[in-house]
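Chemist: The structure follows.
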Amino acid sequence: MISLSTKVEEVPKIGITYAKRLKKFGIKTVQDLLFYFPARYDDFSEIISIKEAKQRLGEVVCVQGQITEIESKHTFKNFVNLTQVVVRDDTGEINVIWFNQPYLAKYLKEDDFICLAGKISLGKSGVYFNSPAYERINEIGENEELTHTGRIVPVYSETKGITSRWLRYVIKPLLYRFSEQIQETLPKDIIKKYKFLPIQEAVWQLHFPDSFEHADAAKSRFSFEELFLIQLNVLKEKIKLMIKKAHACPMDADLMKNFTDSLPFQLTDSQKKCAFAILKDLEKTVPMSRLLEGDVGSGKTVVAAMAALNVVKCLPAQAGGHQVAFMAPTEILAKQHFKSVSEMLKNFNVKIGMLTGKDARIFDPSSPGSSGPAAEAFGVSKKSFLGDLENGQIDIAIGTHSLIQKGVEFKDLALVILDEQHRFGVEQRDHLIKNKKLVPHLLSMTATPIPRTLALTAYGDLDLSLIDEMPANRKKTKTIIVEPAQRKEAYTFIEKEVKEGKGVFVIFPKIESNASKLKEIIEKNGPISGSFVPQNYPSASLRTGNLSLSQLAINEVKALKEEYEKLSKEVFPDLRITMLHGKMKSPEKERIMLDFKKGEIDILLSTSVVEVGVDVPRATIMMIEGAERFGLSQLHQFRGRVGRSDMQSYCFLFTTDPSMLNRKRLKALVESNNGFELAEKDLEIRGPGSLYGTQQWGIPDMAMQGLSNIFLVEKTRAAAKEILEKDPELKNYPELKERLKQFQTKIHFE
Ligand code: ADP
Ligand code: MG
């Protein structure tokens, strides 16, 4: 007996071979297959007469008729099989041609009625249908049971050996048999409130819609459902934390004032507001979960340092004091934070440690002869560092992931600060609090400007603070779109700036899109030979030879090398140019970054992998090749690497594709300096697929589509909140609970 949970290989029409192919889409059961939704639709719903069809040259049309002739032959010259059919209705007749589908001659017979949908072409012997979609019907005028023609036809993402036609052929009968048995997931009152289609109906309408309105209605139902499940997931986490206890750290207003007075600059209003929100959170016994978002250079580190200072000082001295862990994604950034935080806190008697994979350092301003952080920090053995951490000698520990590895114990950890680490998840937080009665507060920081809808979804369990203004001393970076004809002029300008001691970043688009295209080609057709020229970028030709997949990565580097050769030999023969790419080991990358920072390198050429947040104040030019290939948010991030001093900085956008859409996007970058605005704009212009770093969110398709719609996201959030407030364990919603469980294995916000 087949049921919704039957494995697809046991379904007669599918079998083992197809089941294997379906696995590529994650389809294992009949239910999975029914939830494999089309990517788009072909509209073949208007059926017209043959006479009219013949007048619509070049258009895609649908007709019904009777076969009067059929012939199948090999044209030996071209080794192709040709199936030719003549179809007639009351108004006339038309030729139909298919190539290389010899089985058609067996499937179709003279006098059969047939429905055809496809393009009307003009050939030597007149107007004909060129390889249309087809299906046999019982009589002209039939439109009830059509699957591949004469209706809105679903088109699915395909893979080798799985066509849309085949999917329609297996899915439709399964829908007839099983759609009624699909369990409703959404609570009844939600369906009623939003007038959603019931799940059984929605699944039908997504595959075989009666109209585009119905397809949209079905889609919005599933968008809602997926977003709702995501919200339930994050809000459940939030609730789980809210019942935990954290150290309450009263705000020491005098200390905070002393600290801000000691800075060589004034905090922006935004920084003050954010710091206040954080300090208020820290006063509570409920653990803080806050995300501090602010463009690169907006000054998040100072805000974090304030919070850290307040936490380590909030206990009376004899009580020992709380500790703070401050984690950065890379060693360079950890070192940078260690240096700047030590500098900021040098007069506050705070012991600061740094731990990375290889290095352990301590800055102790109370030790005699202290003359400043850079001179003062001394290296210690890892063992002694860990000892100090465990007995509470170190107040603030700054480092990489090393800080949460096995064997690292804090005496009294009260606050964890995360810089640019989307991947720090519940699990790691659990690791930090295991065996502890108290949960540390969490402050997460990011410069990745994401639209509100995504923030509410991916970071839905965090409260949000925005630093939305830049320090006043900054000059706005001038952004300029450089046409191919102006390239020389831009180069001359760059050379002049370098002569004045300024640094230049050149970002070269990672050949990723082409590599993945190549990968696709190779997977389909086997190794290819010859030379592959990435579209729009002739100088980056990849000579593919007989490429295997593993070799592709190497060729990315090769393309970068070619660019490097060009820049260093032809364009800037007198300047010191160095490459940086993702295949390099960390120490090498760090050394190069430091050389660049020190001014020993003039131009740093890299793919898009350059670490976020690295501070090189002397860099004033960001030159981006193939700018149209990047999303606005990413371009904005690149731009944020310059303009970090009081010198005027420039961002040059080199483009090779002057299409209007790209023009509009790049112009948005010229006009706006606000990362959040740009992220929203990108979402508006290019749709959710364009969201920067989408893969890392692991958000499923339908939910992704829903992210364009703030109202939808807010609705799902409100609905999830309402239900969890009444029934946190979802006891009254067994189907929803089960679905959520399945769903959690699918999504992973790590
Ligand atoms: P990000 O938000 O990118 O982490 P940082 O915290 O690294 O930014 O700050 C960038 C630079 O700006 C640092 O050198 C910092 O000292 C400086 N800075 C921070 N706040 C201000 C301010 N209000 N006025 C002037 N400079 C500031
Ligand atoms: Mg930073």
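Each chain in the structure tokens gets a letter, A, B and so on, in the order shown; residues start at 1 in every chain, and ligands are counted from 1 in the order they appear.
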Please find the residues contacting ligand 1 at a distance of at most 7 Å between atoms, with only C-alpha atoms and all ligand atoms counted, and report them as number ranges by chain.
Modeler: A: 265-268, 294-302, 447, 471-473, 613, 615, 644
Chemist: Save out the residues we just selected, N, CA and C atoms, as a PDB file, in the first residue's frame.
Modeler:
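Result went into again.pdb, see below:
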```pdb
ATOM      1  N   PHE A 265      37.811  61.479  20.898  1.00  0.00           N
ATOM      2  CA  PHE A 265      36.715  61.988  20.059  1.00  0.00           C
ATOM      3  C   PHE A 265      35.425  61.932  20.862  1.00  0.00           C
ATOM      4  N   GLN A 266      34.392  62.547  20.292  1.00  0.00           N
ATOM      5  CA  GLN A 266      33.070  62.511  20.903  1.00  0.00           C
ATOM      6  C   GLN A 266      32.277  61.370  20.291  1.00  0.00           C
ATOM      7  N   LEU A 267      31.534  60.660  21.109  1.00  0.00           N
ATOM      8  CA  LEU A 267      30.668  59.617  20.546  1.00  0.00           C
ATOM      9  C   LEU A 267      29.585  60.258  19.689  1.00  0.00           C
ATOM     10  N   THR A 268      29.198  59.583  18.626  1.00  0.00           N
ATOM     11  CA  THR A 268      28.057  60.076  17.847  1.00  0.00           C
ATOM     12  C   THR A 268      26.783  59.804  18.654  1.00  0.00           C
ATOM     13  N   GLY A 294      25.989  48.136  12.401  1.00  0.00           N
ATOM     14  CA  GLY A 294      26.461  49.447  12.007  1.00  0.00           C
ATOM     15  C   GLY A 294      27.478  49.288  10.901  1.00  0.00           C
ATOM     16  N   ASP A 295      27.413  50.205   9.949  1.00  0.00           N
ATOM     17  CA  ASP A 295      28.330  50.153   8.824  1.00  0.00           C
ATOM     18  C   ASP A 295      29.771  50.039   9.293  1.00  0.00           C
ATOM     19  N   VAL A 296      30.599  49.528   8.419  1.00  0.00           N
ATOM     20  CA  VAL A 296      32.030  49.489   8.664  1.00  0.00           C
ATOM     21  C   VAL A 296      32.496  50.911   8.996  1.00  0.00           C
ATOM     22  N   GLY A 297      33.221  51.069  10.099  1.00  0.00           N
ATOM     23  CA  GLY A 297      33.739  52.384  10.457  1.00  0.00           C
ATOM     24  C   GLY A 297      32.800  53.220  11.306  1.00  0.00           C
ATOM     25  N   SER A 298      31.627  52.665  11.622  1.00  0.00           N
ATOM     26  CA  SER A 298      30.673  53.463  12.392  1.00  0.00           C
ATOM     27  C   SER A 298      31.043  53.499  13.874  1.00  0.00           C
ATOM     28  N   GLY A 299      32.002  52.685  14.257  1.00  0.00           N
ATOM     29  CA  GLY A 299      32.497  52.756  15.637  1.00  0.00           C
ATOM     30  C   GLY A 299      31.805  51.809  16.606  1.00  0.00           C
ATOM     31  N   LYS A 300      31.716  50.548  16.218  1.00  0.00           N
ATOM     32  CA  LYS A 300      31.068  49.567  17.093  1.00  0.00           C
ATOM     33  C   LYS A 300      31.982  49.160  18.247  1.00  0.00           C
ATOM     34  N   THR A 301      33.300  49.164  17.975  1.00  0.00           N
ATOM     35  CA  THR A 301      34.228  48.658  18.986  1.00  0.00           C
ATOM     36  C   THR A 301      34.181  49.488  20.284  1.00  0.00           C
ATOM     37  N   VAL A 302      34.079  50.799  20.149  1.00  0.00           N
ATOM     38  CA  VAL A 302      34.015  51.647  21.348  1.00  0.00           C
ATOM     39  C   VAL A 302      32.801  51.277  22.181  1.00  0.00           C
ATOM     40  N   ALA A 447      28.567  44.293  10.523  1.00  0.00           N
ATOM     41  CA  ALA A 447      28.559  45.409   9.587  1.00  0.00           C
ATOM     42  C   ALA A 447      27.829  44.999   8.323  1.00  0.00           C
ATOM     43  N   PRO A 471      31.033  58.742  12.305  1.00  0.00           N
ATOM     44  CA  PRO A 471      31.726  59.806  13.031  1.00  0.00           C
ATOM     45  C   PRO A 471      31.878  61.049  12.157  1.00  0.00           C
ATOM     46  N   ALA A 472      31.766  62.205  12.800  1.00  0.00           N
ATOM     47  CA  ALA A 472      31.690  63.457  12.054  1.00  0.00           C
ATOM     48  C   ALA A 472      32.975  63.791  11.291  1.00  0.00           C
ATOM     49  N   ASN A 473      34.107  63.271  11.745  1.00  0.00           N
ATOM     50  CA  ASN A 473      35.359  63.653  11.088  1.00  0.00           C
ATOM     51  C   ASN A 473      35.555  62.985   9.724  1.00  0.00           C
ATOM     52  N   GLY A 613      36.358  44.359   7.856  1.00  0.00           N
ATOM     53  CA  GLY A 613      36.710  45.034   9.095  1.00  0.00           C
ATOM     54  C   GLY A 613      38.173  45.369   9.296  1.00  0.00           C
ATOM     55  N   ASP A 615      41.360  47.302   9.291  1.00  0.00           N
ATOM     56  CA  ASP A 615      41.461  48.749   9.264  1.00  0.00           C
ATOM     57  C   ASP A 615      42.779  49.187   8.625  1.00  0.00           C
ATOM     58  N   ARG A 644      38.535  55.684   5.991  1.00  0.00           N
ATOM     59  CA  ARG A 644      38.688  55.443   7.419  1.00  0.00           C
ATOM     60  C   ARG A 644      39.700  56.400   8.044  1.00  0.00           C
TER      61      ARG A 644
END
```
Chemist: Would you give me, as CSV, each residue of chain A having an atom within 12 Å of an atom of ligand 2, along with its shortest atom pair and that distance in Å to one decimal, using only C-alpha atoms and all ligand atoms and sorting by chain and residue number?
Modeler:
```
residue,atom,partner,partner_atom_place_in_ligand_line,distance
A:Leu292,CA,ligand 2,1 (Mg),10.8
A:Glu293,CA,ligand 2,1 (Mg),10.3
A:Gly294,CA,ligand 2,1 (Mg),9.0
A:Asp295,CA,ligand 2,1 (Mg),8.9
A:Val296,CA,ligand 2,1 (Mg),6.5
A:Gly297,CA,ligand 2,1 (Mg),7.0
A:Ser298,CA,ligand 2,1 (Mg),8.3
A:Gly299,CA,ligand 2,1 (Mg),7.1
A:Lys300,CA,ligand 2,1 (Mg),6.0
A:Thr301,CA,ligand 2,1 (Mg),5.8
A:Val302,CA,ligand 2,1 (Mg),9.4
A:Val303,CA,ligand 2,1 (Mg),10.5
A:Ala304,CA,ligand 2,1 (Mg),9.8
A:Ala305,CA,ligand 2,1 (Mg),11.5
A:Phe326,CA,ligand 2,1 (Mg),11.7
A:Met327,CA,ligand 2,1 (Mg),11.1
A:Ala328,CA,ligand 2,1 (Mg),8.9
A:Pro329,CA,ligand 2,1 (Mg),10.6
A:Thr330,CA,ligand 2,1 (Mg),11.7
A:Ile332,CA,ligand 2,1 (Mg),11.5
A:Leu333,CA,ligand 2,1 (Mg),8.0
A:Ala334,CA,ligand 2,1 (Mg),10.1
A:Lys335,CA,ligand 2,1 (Mg),11.8
A:Gln336,CA,ligand 2,1 (Mg),9.1
A:His337,CA,ligand 2,1 (Mg),8.0
A:Phe338,CA,ligand 2,1 (Mg),11.8
A:Ser340,CA,ligand 2,1 (Mg),10.5
A:Val341,CA,ligand 2,1 (Mg),11.4
A:Ile417,CA,ligand 2,1 (Mg),11.6
A:Leu418,CA,ligand 2,1 (Mg),10.1
A:Asp419,CA,ligand 2,1 (Mg),6.7
A:Glu420,CA,ligand 2,1 (Mg),7.8
A:Gln421,CA,ligand 2,1 (Mg),11.3
A:Ser444,CA,ligand 2,1 (Mg),11.2
A:Met445,CA,ligand 2,1 (Mg),7.9
A:Thr446,CA,ligand 2,1 (Mg),7.8
A:Ala447,CA,ligand 2,1 (Mg),7.5
A:Thr448,CA,ligand 2,1 (Mg),10.9
A:Glu611,CA,ligand 2,1 (Mg),11.0
A:Val612,CA,ligand 2,1 (Mg),8.2
A:Gly613,CA,ligand 2,1 (Mg),5.2
A:Val614,CA,ligand 2,1 (Mg),7.7
A:Asp615,CA,ligand 2,1 (Mg),8.4
A:Gly640,CA,ligand 2,1 (Mg),11.1
A:Arg641,CA,ligand 2,1 (Mg),10.9
A:Arg644,CA,ligand 2,1 (Mg),11.8
```
Chemist: Just the helix (DSSP H, G or I) stuff from stretch 124-316 of chain A, please, per backbone DSSP, written as a VMD selection string.
Modeler: chain A and resid 164 to 181 188 to 194 199 to 207 212 to 242 253 to 262 269 to 282 300 to 313
Chemist: Using only C-alpha atoms for the distances, tell me which of A:Val311, A:Ile2, A:Leu462, A:Leu34 is nearest to A:Asp412.
Modeler: A:Val311
Chemist: In terms of the shortest atom-to-atom distance over only C-alpha atoms, which of A:Leu175, A:Ala248, A:Ala217, A:Ile120 is closest to A:Gln55?
Modeler: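 Nearest to A:Gln55: A:Ile120.
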Chemist: Could you check the closest approach to A:Val170 for each of A:Ile230, A:Ala246, A:Leu653, A:Leu22 and tell me which residue wins, using only C-alpha atoms?
Modeler: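 Of A:Ile230, A:Ala246, A:Leu653, A:Leu22, the one nearest A:Val170, counting only C-alpha atoms, is A:Leu22.
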Chemist: Find the distance between atom CA of A:Asp269 and atom CA of A:Thr479 and write it in Å to one decimal.
Modeler: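 Interatomic distance here is 25.9 Å.
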Chemist: List the spatial neighbours of stretch 191-196 of chain A as a list in words - criterion: any atom at most 9 Å away, only C-alpha atoms, same-chain residues fewer than 2 positions off excluded.
Modeler: Leu186, Pro187, Lys188, Asp189, Pro198, Ile199, Ala202, Ala217, Ala218, Ser220 and Arg221 of chain A
Chemist: Atom CA of A:Ala703 and atom CA of A:Tyr733 are how many Å apart?
Modeler: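 Taking atom CA of A:Ala703 as the start and atom CA of A:Tyr733 as the end point, the length is 21.2 Å.
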Chemist: Choose the residue, out of A:Pro451, A:Lys119, A:Glu625, A:Leu575, that has the smallest atom-to-atom separation from A:Glu677; count only C-alpha atoms.
Modeler: A:Pro451
Chemist: A:Ala308, A:Ile94, A:His148, A:Val80: which is nearest A:Thr163, counting only C-alpha atoms?
Modeler: A:His148
Chemist: Which residues are close to stretch 35-46 of chain A, i.e. within 6 Å by only C-alpha atoms, leaving aside same-chain residues fewer than 6 positions away? Reply as number ranges by chain.
Modeler: A: 62, 149-156
Chemist: May I have the selected residues written with C-alpha atoms, as a PDB file, in the first residue's frame?
Modeler:
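Saved file out_34.pdb follows:
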```pdb
ATOM      1  CA  CYS A  62      -1.727  26.355 -27.979  1.00  0.00           C
ATOM      2  CA  THR A 149      -0.631  21.771 -22.549  1.00  0.00           C
ATOM      3  CA  GLY A 150      -3.824  23.840 -22.697  1.00  0.00           C
ATOM      4  CA  ARG A 151      -3.420  25.172 -19.173  1.00  0.00           C
ATOM      5  CA  ILE A 152      -1.011  26.941 -16.869  1.00  0.00           C
ATOM      6  CA  VAL A 153       1.755  24.362 -16.937  1.00  0.00           C
ATOM      7  CA  PRO A 154       4.238  23.961 -14.073  1.00  0.00           C
ATOM      8  CA  VAL A 155       7.940  24.108 -14.899  1.00  0.00           C
ATOM      9  CA  TYR A 156      10.265  22.631 -12.300  1.00  0.00           C
TER      10      TYR A 156
END
```
Chemist: If DSSP is run on the backbone, what residues of stretch 331-484 of chain A are strand (DSSP E)? A reply as number ranges by chain would be ideal.
Modeler: A: 352-355, 360-363, 378-379, 396-399, 413-419, 441-446, 463-467, 478-482
Chemist: Tell me which of A:Lys715, A:Leu197, A:Gly65, A:Trp98 sits closest to A:Gly141, counting only C-alpha atoms.
Modeler: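 Nearest candidate to A:Gly141 out of A:Lys715, A:Leu197, A:Gly65, A:Trp98: A:Gly65.
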Chemist: Considering only C-alpha atoms, return as a list of chain:residue names whatever protein or nucleic-acid residues lie within 6 Å of A:Ile67, sequence-local ones (same chain, fewer than 2 positions apart) excluded.
Modeler: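 That gives A:Glu69, A:Val86, A:Val87, A:Glu110, A:Asp111, A:Asp112.
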